[in-house]
Number of protein chains: 2
Amino acid sequence: MTMNAAGGRRRPPTIHDVAREAGVSRGTVSRVLNGGHYVSPAAQEAVNAAIRRTGYVVNRHARSLITGRSDSIGFLLTEPQERFFEDPNFNVLLRGCTQALAAHDIPLLLMLAGTEDERRRITRYITAGHVDGVLLVSSHSGDPVAEQLRGAGVPLVACGKPIGLASKVSYVAADDRDGARDMVRHLLSLGRQRVGMVTGPLDTPGGVERLAGYKEVLADSGLEFDERLVVSGDYSRASGEAGAERLLGQAPDLDAVFVASDLMAQGVLAALQRAGRRVPQDVAVGGFDDSPAALGAVPELTTIRQPWDRISTEMVRVLLAQIGGEDPAAVILPTELVKREST
Amino acid sequence: MTMNAAGGRRRPPTIHDVAREAGVSRGTVSRVLNGGHYVSPAAQEAVNAAIRRTGYVVNRHARSLITGRSDSIGFLLTEPQERFFEDPNFNVLLRGCTQALAAHDIPLLLMLAGTEDERRRITRYITAGHVDGVLLVSSHSGDPVAEQLRGAGVPLVACGKPIGLASKVSYVAADDRDGARDMVRHLLSLGRQRVGMVTGPLDTPGGVERLAGYKEVLADSGLEFDERLVVSGDYSRASGEAGAERLLGQAPDLDAVFVASDLMAQGVLAALQRAGRRVPQDVAVGGFDDSPAALGAVPELTTIRQPWDRISTEMVRVLLAQIGGEDPAAVILPTELVKREST
DNA sequence: TTCTCTACTGTGAACGCTCACAGAAGCATG
DNA sequence: CATGCTTCTGTGAGCGTTCACAGTAGAGAA
């Protein structure tokens with residue numbers, strides 16, 4: 001490390017300087033920088049030493065100019081901002097993705113499309129080729145953005161299965177149906193007879209699948225499906241609270257509730273408590289996600305863990321593969337039942 | 001808009017194509033692109049039409065290569081990941097900053113430095129000149145990152161006053177002390193006599209200032225400062241809960257609590273409720289931040305609003321000014337008392 | 001007329017990198 | 001010895017911009 005890093009804002013060393021310092025040509029330095037194939041060990045060594053001595057860092061713009069890649073990817077969230085503010089799942093995912101990308105030395109551009117205007121602006125930005133690919137988080141199906149980007153040939157990986165899309169879109173998702181089954185089986189195993197459910201929005205795959213899992217287990221257990229036991233929410237805490245109130249009105253005899261997200265489950269807990277029902281003694285409550293919200297709840301929520309770390313690393317892996325020319329792929333990851341105080 | 005945008009992945013039009021299409025030179029197109037000074041109205045028009053017809057978008061890498069600017073900025077969060085997961089304030093700020101930057105067509109790179117390793121990696125990335133400036137969020141003082149970046153000459157704006165820094169660092173902050181004063185005055189105006197406080201960490205400016213405001217108002221009102229009425233937390237919900245428990249033990253006669261953050265206030269509410277104290281009848285609770293957590297609380301929190309929109313737009317404004325060569329600046333914004341159910 | 005000044009325009013030269021190609025060296029094979 | 005193959009290296013070109021500079025044209029002043 002020489003002075004120029006700490007000192008004033010001198011012109012940073014270029015590949016040229018490194019080449020001169022190492023006594024080789026630009027080409028050789030470039031080869032070392034890009035994997036080191038077809039480079040003799042001696043040259044390899046000399047270049048690395050020169051890089052260390054000069055404090056050289058590659059100029060990404062010059063590289064991008066010629067490769068045509070930007071070596072950066074976008075994290076696109078097309079949800080209303082209230083959801084982004086409320087749901088810590090986004091933060092977990094965001095953190096996971098930045099970390100996974102950091103391992104490849106790829107920066108993450110945050111793109112929040114809360115309004116129609118922003119959506120347009122961002123779509124233009126992406127299709128202009130300013131990012132190599134996009135990690136998409138958008139729970140609702142029929143989201144035009146995925147279709148649009150796919151149509152423009154932009155590599156894309158969605159978090160959760162995007163439904164109703166013409167073109168093939170990669171996605172990584174937890175096994176929603178299986179997770180739901182686990183939770184409902186767990187509630188039944190506690191001896192509960194009247195298990196209610198607050199579903200997610202039914203135009204999202206998560207909403208549909210988790211409800212399907214609930215129904216399956218009821219059927220398998222020989223229990224009649226009672227539609228008074230099912231209400232639907234929109235993943236927000238407030239909708240969980242409202243849902244629980246409706247549920248208590250329609251089916252006051254319920255002794256358990258499976259809630260399709262931890263955030264809604266927080267709302268359910270609040271409503272139950274206000275109605276004088278003790279959790280878990282009177283009513284057992286199971287959530288879904290294992291988001292930070294599950295631990296923040298009182299009592300702590302029993303929930304279905306979505307493997308967020310693996311989801312984010314897989315999203316990044318699939319996206320990079322696709323940028324590398326591979327075909328779109330779907331990855332389904334297993335969930336896990338986490339027992340806590342609420343059941 | 002011609003076919004090439006919708007169709008396959010053709011080579012995108014360059015400034016050259018636009019120039020030919022408009023019947024002018026590259027230089028003229030470039031001038032139009034960069035503000036349009038010294039360009040005749042006719043040429044201006046022709047170029048704009050050509051841009052529209054060809055669907056041209058500037059190649060940012062080519063531009064950056066020559067200007068030396070990256071035209072992107074980093075949003076750096078040096079907090080442990082638990083805090084990022086728990087506190088929606090970060091999301092609000094993040095959203096505000098992306099929006100403010102979008103107005104300048106500048107992308108935001110998200111940098112989460114939870115660990116020491118990441119911190120090093122990110123610092124290297126930034127000092128390598130890959131971003132033009134940094135929006136820093138780091139509550140704790142003595143954070144070495146600010147000093148390091150400042151030393152490397154990187155334009156920097158902190159959210160909240162960074163204390164104990166040798167070099168001058170720009171910052172934007174709410175008027176913590178004044179906000180605290182407002183809240184305590186409000187509590188006293190309700191007739192409360194024994195007002196407790198859960199402070200933030202006392203090595204953060206927010207922690208110190210809000211406590212100072214509390215003390216000031218007590219003194220002004222002729223009330224004795226009672227150290228049993230004050231405990232400190234770390235802004236987390238759990239620390240609020242623990243703080244309230246300690247407070248109830250030390251000073252069971254308290255009839256109000258001023259809590260230095262909404263998240264901690266949520267914890268305080270939970271602890272009070274468990275102890276059988278009604279809010280606001282028995283104990284009034286005031287928060288700070290007006291984060292989304294304030295509305296999620298039961299009962300809804302009376303709090304001091306930090307003007308997050310203005311904070312983020314000011315941070316961006318000050319940062320861009322600094323990139324443009326201006327000196328570091330400090331901006332203090334007024335807070336506002338928001339009355340809700342908890343007082 | 002001639003000169004100067006202003007408003008505008010075109011042109012070459014970078015910026016720092018990668019890529020394709022050409023060539024050199026070493027070694028085995030015919 | 002020539003030939004081919006593999007491994008390694010250097011070189012020129014070019015990626016798409018902006019910038020500095022050298023113009024040109026027209027208006028006004030001397």
# chains A, B, ... in the order shown; residues from 1 in each chain; ligands from 1
call {"tool": "residues_around", "arguments": {"residues": "Gly27 (chain B)", "least_positions_apart": "2", "cutoff": "8 Å", "atoms": "only C-alpha atoms (C1' of nucleotides)", "output": "ChimeraX atom specification"}}
result
/B:25,29-31 /C:9-10
call {"tool": "write_last_selection", "arguments": {"atoms": "C-alpha atoms (C1' of nucleotides)", "output": "short mmCIF file (atom, residue, chain, number, x, y, z; two decimals), in the first residue's frame"}}
result
data_model
loop_
_atom_site.label_atom_id
_atom_site.label_comp_id
_atom_site.auth_asym_id
_atom_site.auth_seq_id
_atom_site.Cartn_x
_atom_site.Cartn_y
_atom_site.Cartn_z
CA SER B 25 -22.45 16.21 -34.59
CA VAL B 29 -25.97 15.83 -29.00
CA SER B 30 -23.78 15.66 -25.94
CA ARG B 31 -24.46 19.30 -25.18
"C1'" DT C 9 -20.97 23.68 -34.19
"C1'" DG C 10 -17.67 19.96 -35.47
#
call {"tool": "select_by_dssp", "arguments": {"residues": "region 72-304 of chain A", "states": "alpha helix (DSSP H)", "output": "MDAnalysis selection string"}}
result
chainID A and resid 81:86 89:102 116:125 144:151 176:189 205:220 237:250 262:274 292:296
call {"tool": "write_last_selection", "arguments": {"atoms": "C-alpha atoms", "output": "CSV table (one decimal), in the first residue's frame"}}
result
chain,number,residue,atom,x,y,z
A,81,GLN,CA,-44.7,1.6,0.6
A,82,GLU,CA,-46.9,0.8,3.6
A,83,ARG,CA,-46.1,-2.8,3.2
A,84,PHE,CA,-42.4,-2.1,2.9
A,85,PHE,CA,-42.5,-0.1,6.1
A,86,GLU,CA,-44.5,-2.7,8.0
A,89,ASN,CA,-39.5,-9.9,5.8
A,90,PHE,CA,-38.4,-7.4,3.1
A,91,ASN,CA,-35.4,-6.4,5.3
A,92,VAL,CA,-34.4,-10.0,5.9
A,93,LEU,CA,-34.5,-10.7,2.2
A,94,LEU,CA,-32.7,-7.5,1.3
A,95,ARG,CA,-30.0,-8.3,3.7
A,96,GLY,CA,-29.7,-11.9,2.4
A,97,CYS,CA,-29.4,-10.7,-1.2
A,98,THR,CA,-26.8,-8.0,-0.5
A,99,GLN,CA,-24.7,-10.6,1.3
A,100,ALA,CA,-25.0,-13.2,-1.4
A,101,LEU,CA,-24.1,-10.6,-4.0
A,102,ALA,CA,-21.2,-9.3,-2.0
A,116,GLU,CA,-47.1,3.8,-11.2
A,117,ASP,CA,-44.7,6.6,-12.1
A,118,GLU,CA,-41.8,5.0,-10.3
A,119,ARG,CA,-42.7,1.8,-11.9
A,120,ARG,CA,-42.3,3.3,-15.3
A,121,ARG,CA,-39.1,5.1,-14.5
A,122,ILE,CA,-37.5,2.0,-13.1
A,123,THR,CA,-38.6,-0.2,-16.0
A,124,ARG,CA,-37.0,2.2,-18.4
A,125,TYR,CA,-33.9,2.2,-16.3
A,144,PRO,CA,-47.1,-6.3,-15.4
A,145,VAL,CA,-43.5,-5.5,-14.5
A,146,ALA,CA,-42.3,-9.2,-14.6
A,147,GLU,CA,-43.9,-9.7,-18.0
A,148,GLN,CA,-42.5,-6.5,-19.3
A,149,LEU,CA,-39.0,-7.1,-18.2
A,150,ARG,CA,-39.1,-10.7,-19.4
A,151,GLY,CA,-40.3,-9.5,-22.7
A,176,ASP,CA,-46.1,-22.9,1.0
A,177,ARG,CA,-48.5,-25.8,0.8
A,178,ASP,CA,-46.3,-28.2,2.7
A,179,GLY,CA,-45.6,-25.6,5.4
A,180,ALA,CA,-49.3,-25.0,5.8
A,181,ARG,CA,-50.0,-28.7,6.1
A,182,ASP,CA,-47.3,-28.9,8.9
A,183,MET,CA,-48.9,-26.1,10.8
A,184,VAL,CA,-52.4,-27.4,10.6
A,185,ARG,CA,-51.3,-30.9,11.5
A,186,HIS,CA,-49.5,-29.4,14.5
A,187,LEU,CA,-52.6,-27.6,15.7
A,188,LEU,CA,-54.7,-30.7,15.3
A,189,SER,CA,-52.2,-32.8,17.2
A,205,PRO,CA,-49.6,-17.9,-4.9
A,206,GLY,CA,-48.7,-17.8,-1.2
A,207,GLY,CA,-52.3,-17.0,-0.3
A,208,VAL,CA,-53.7,-19.8,-2.5
A,209,GLU,CA,-51.2,-22.5,-1.5
A,210,ARG,CA,-51.4,-22.0,2.2
A,211,LEU,CA,-55.1,-22.2,2.1
A,212,ALA,CA,-54.9,-25.3,0.0
A,213,GLY,CA,-52.6,-26.9,2.5
A,214,TYR,CA,-55.1,-26.1,5.3
A,215,LYS,CA,-57.9,-27.7,3.4
A,216,GLU,CA,-55.9,-30.8,2.6
A,217,VAL,CA,-55.1,-31.6,6.1
A,218,LEU,CA,-58.7,-31.0,7.3
A,219,ALA,CA,-59.9,-33.4,4.6
A,220,ASP,CA,-57.3,-36.0,5.5
A,237,ARG,CA,-51.1,-6.5,10.7
A,238,ALA,CA,-54.4,-4.5,10.5
A,239,SER,CA,-56.0,-7.1,8.2
A,240,GLY,CA,-55.1,-9.8,10.7
A,241,GLU,CA,-56.7,-7.9,13.5
A,242,ALA,CA,-59.9,-7.3,11.4
A,243,GLY,CA,-59.9,-10.9,10.3
A,244,ALA,CA,-59.7,-12.3,13.8
A,245,GLU,CA,-62.7,-10.1,14.8
A,246,ARG,CA,-64.7,-11.4,11.9
A,247,LEU,CA,-63.7,-14.9,12.7
A,248,LEU,CA,-64.8,-14.6,16.3
A,249,GLY,CA,-68.1,-13.3,15.1
A,250,GLN,CA,-68.7,-16.1,12.6
A,262,ASP,CA,-46.6,-13.5,11.2
A,263,LEU,CA,-47.5,-9.9,10.8
A,264,MET,CA,-51.2,-10.8,10.5
A,265,ALA,CA,-50.8,-13.1,13.4
A,266,GLN,CA,-49.7,-10.2,15.5
A,267,GLY,CA,-53.0,-8.6,14.7
A,268,VAL,CA,-54.8,-11.8,15.5
A,269,LEU,CA,-53.1,-12.0,18.9
A,270,ALA,CA,-54.2,-8.4,19.6
A,271,ALA,CA,-57.8,-9.0,18.6
A,272,LEU,CA,-58.0,-12.3,20.6
A,273,GLN,CA,-56.6,-10.6,23.6
A,274,ARG,CA,-59.1,-7.8,23.4
A,292,PRO,CA,-38.7,-11.1,13.1
A,293,ALA,CA,-42.3,-10.2,13.9
A,294,ALA,CA,-42.8,-13.7,15.3
A,295,LEU,CA,-40.3,-13.1,18.1
A,296,GLY,CA,-41.7,-9.6,18.7
call {"tool": "atom_distance", "arguments": {"atom1": "CA of Pro307 (chain A)", "atom2": "CA of Leu76 (chain A)"}}
result
20.2 Å
call {"tool": "residues_around", "arguments": {"residues": "Gly160 (chain A)", "least_positions_apart": "6", "cutoff": "7 Å", "atoms": "only C-alpha atoms (C1' of nucleotides)", "output": "ChimeraX atom specification"}}
result
/A:171-173
call {"tool": "interface_residues", "arguments": {"of": "chain A", "to": "chain B", "cutoff": "6 Å", "atoms": "only C-alpha atoms", "output": "JSON, numbers by chain"}}
result
{"A": [61, 62, 65, 85, 88, 91, 108, 109, 110]}
call {"tool": "write_last_selection", "arguments": {"atoms": "N, CA and C atoms", "output": "PDB file, in the first residue's frame"}}
result
ATOM      1  N   HIS A  61     -16.141   1.143 -14.722  1.00  0.00           N
ATOM      2  CA  HIS A  61     -16.802   1.774 -15.855  1.00  0.00           C
ATOM      3  C   HIS A  61     -16.094   1.418 -17.151  1.00  0.00           C
ATOM      4  N   ALA A  62     -14.782   1.473 -17.091  1.00  0.00           N
ATOM      5  CA  ALA A  62     -14.016   1.118 -18.286  1.00  0.00           C
ATOM      6  C   ALA A  62     -14.299  -0.336 -18.653  1.00  0.00           C
ATOM      7  N   LEU A  65     -17.812  -0.687 -20.048  1.00  0.00           N
ATOM      8  CA  LEU A  65     -17.947  -0.075 -21.365  1.00  0.00           C
ATOM      9  C   LEU A  65     -17.657  -1.091 -22.458  1.00  0.00           C
ATOM     10  N   PHE A  85     -42.804  -0.629   4.781  1.00  0.00           N
ATOM     11  CA  PHE A  85     -42.523  -0.081   6.099  1.00  0.00           C
ATOM     12  C   PHE A  85     -42.884  -1.069   7.194  1.00  0.00           C
ATOM     13  N   PRO A  88     -41.048  -6.749   8.113  1.00  0.00           N
ATOM     14  CA  PRO A  88     -39.604  -6.940   8.214  1.00  0.00           C
ATOM     15  C   PRO A  88     -39.075  -8.059   7.311  1.00  0.00           C
ATOM     16  N   ASN A  91     -36.778  -6.720   4.798  1.00  0.00           N
ATOM     17  CA  ASN A  91     -35.438  -6.411   5.290  1.00  0.00           C
ATOM     18  C   ASN A  91     -34.574  -7.660   5.335  1.00  0.00           C
ATOM     19  N   LEU A 108     -25.703  -4.004  -5.182  1.00  0.00           N
ATOM     20  CA  LEU A 108     -27.156  -4.110  -5.325  1.00  0.00           C
ATOM     21  C   LEU A 108     -27.775  -2.727  -5.413  1.00  0.00           C
ATOM     22  N   LEU A 109     -28.527  -2.497  -6.467  1.00  0.00           N
ATOM     23  CA  LEU A 109     -29.249  -1.235  -6.616  1.00  0.00           C
ATOM     24  C   LEU A 109     -30.658  -1.417  -6.105  1.00  0.00           C
ATOM     25  N   LEU A 110     -31.038  -0.566  -5.176  1.00  0.00           N
ATOM     26  CA  LEU A 110     -32.368  -0.697  -4.586  1.00  0.00           C
ATOM     27  C   LEU A 110     -33.380   0.085  -5.405  1.00  0.00           C
TER      28      LEU A 110
END
call {"tool": "select_by_dssp", "arguments": {"residues": "region 113-210 of chain B", "states": "strand (DSSP E)", "output": "compact mmCIF listing (two decimals) with C-alpha atoms, in the first residue's frame"}}
result
# COMPACT_ATOMS: atom_id res chain seq x y z
CA GLY B 133 -20.84 9.95 -2.10
CA VAL B 134 -22.34 8.21 0.87
CA LEU B 135 -25.48 8.58 2.93
CA LEU B 136 -24.50 7.22 6.30
CA VAL B 137 -26.82 5.84 8.92
CA LEU B 156 -20.52 12.05 3.22
CA VAL B 157 -23.74 12.98 4.97
CA ALA B 158 -24.77 11.35 8.20
CA CYS B 159 -28.27 10.94 9.51
CA SER B 170 -22.16 16.88 7.18
CA TYR B 171 -25.27 15.74 8.92
CA VAL B 172 -29.00 16.15 8.94
CA ALA B 173 -30.88 15.63 12.16
CA ALA B 174 -34.13 16.36 13.87
CA VAL B 195 -42.71 11.21 34.67
CA GLY B 196 -40.20 8.45 33.99
CA MET B 197 -37.94 8.08 31.01
CA VAL B 198 -36.42 5.27 28.99
CA THR B 199 -33.48 6.84 27.18
call {"tool": "interface_residues", "arguments": {"of": "chain D", "to": "chain A", "cutoff": "10 Å", "atoms": "only C-alpha atoms (C1' of nucleotides)", "output": "list in words"}}
result
DT7, DC8, DT9, DG10, DT11, DG14, DC15, DG16 and DT17 of chain D
call {"tool": "write_last_selection", "arguments": {"atoms": "C-alpha atoms (C1' of nucleotides)", "output": "PDB file, in the first residue's frame"}}
result
ATOM      1  C1'  DT D   7       0.828 -22.579 -23.276  1.00  0.00           C
ATOM      2  C1'  DC D   8       1.846 -18.180 -22.659  1.00  0.00           C
ATOM      3  C1'  DT D   9       2.550 -13.084 -23.926  1.00  0.00           C
ATOM      4  C1'  DG D  10       2.219  -8.484 -26.243  1.00  0.00           C
ATOM      5  C1'  DT D  11      -0.294  -5.254 -29.298  1.00  0.00           C
ATOM      6  C1'  DG D  14     -12.335  -0.074 -30.049  1.00  0.00           C
ATOM      7  C1'  DC D  15     -16.226   0.317 -26.432  1.00  0.00           C
ATOM      8  C1'  DG D  16     -19.482   5.360 -26.147  1.00  0.00           C
ATOM      9  C1'  DT D  17     -18.896   9.197 -24.041  1.00  0.00           C
TER      10       DT D  17
END
call {"tool": "closest_residue", "arguments": {"among": "C:DA22, C:DA28, C:DC3, C:DC15", "to": "chain A", "atoms": "only C-alpha atoms (C1' of nucleotides)"}}
result
C:DC15
call {"tool": "closest_residue", "arguments": {"among": "C:DA7, C:DT18, C:DT1, C:DA13", "to": "chain A", "atoms": "only C-alpha atoms (C1' of nucleotides)"}}
result
C:DT18
call {"tool": "residues_around", "arguments": {"residues": "region 276-287 of chain A", "least_positions_apart": "3", "cutoff": "7 Å", "atoms": "only C-alpha atoms (C1' of nucleotides)", "output": "number ranges by chain"}}
result
A: 183, 255-262, 265, 272-273, 301-304, 342-343
call {"tool": "atom_distance", "arguments": {"atom1": "CA of Gly35 (chain A)", "atom2": "CA of Asp71 (chain A)"}}
result
15.6 Å
call {"tool": "atom_distance", "arguments": {"atom1": "CA of Arg340 (chain B)", "atom2": "CA of Arg192 (chain B)"}}
result
16.6 Å
call {"tool": "residues_around", "arguments": {"residues": "DG30 (chain C)", "least_positions_apart": "5", "cutoff": "12 Å", "atoms": "only C-alpha atoms (C1' of nucleotides)", "output": "VMD selection string"}}
result
chain D and resid 1 to 4
call {"tool": "closest_residue", "arguments": {"among": "B:Ala42, B:Leu254, B:Leu33, B:Leu337", "to": "chain C", "atoms": "only C-alpha atoms (C1' of nucleotides)"}}
result
B:Ala42
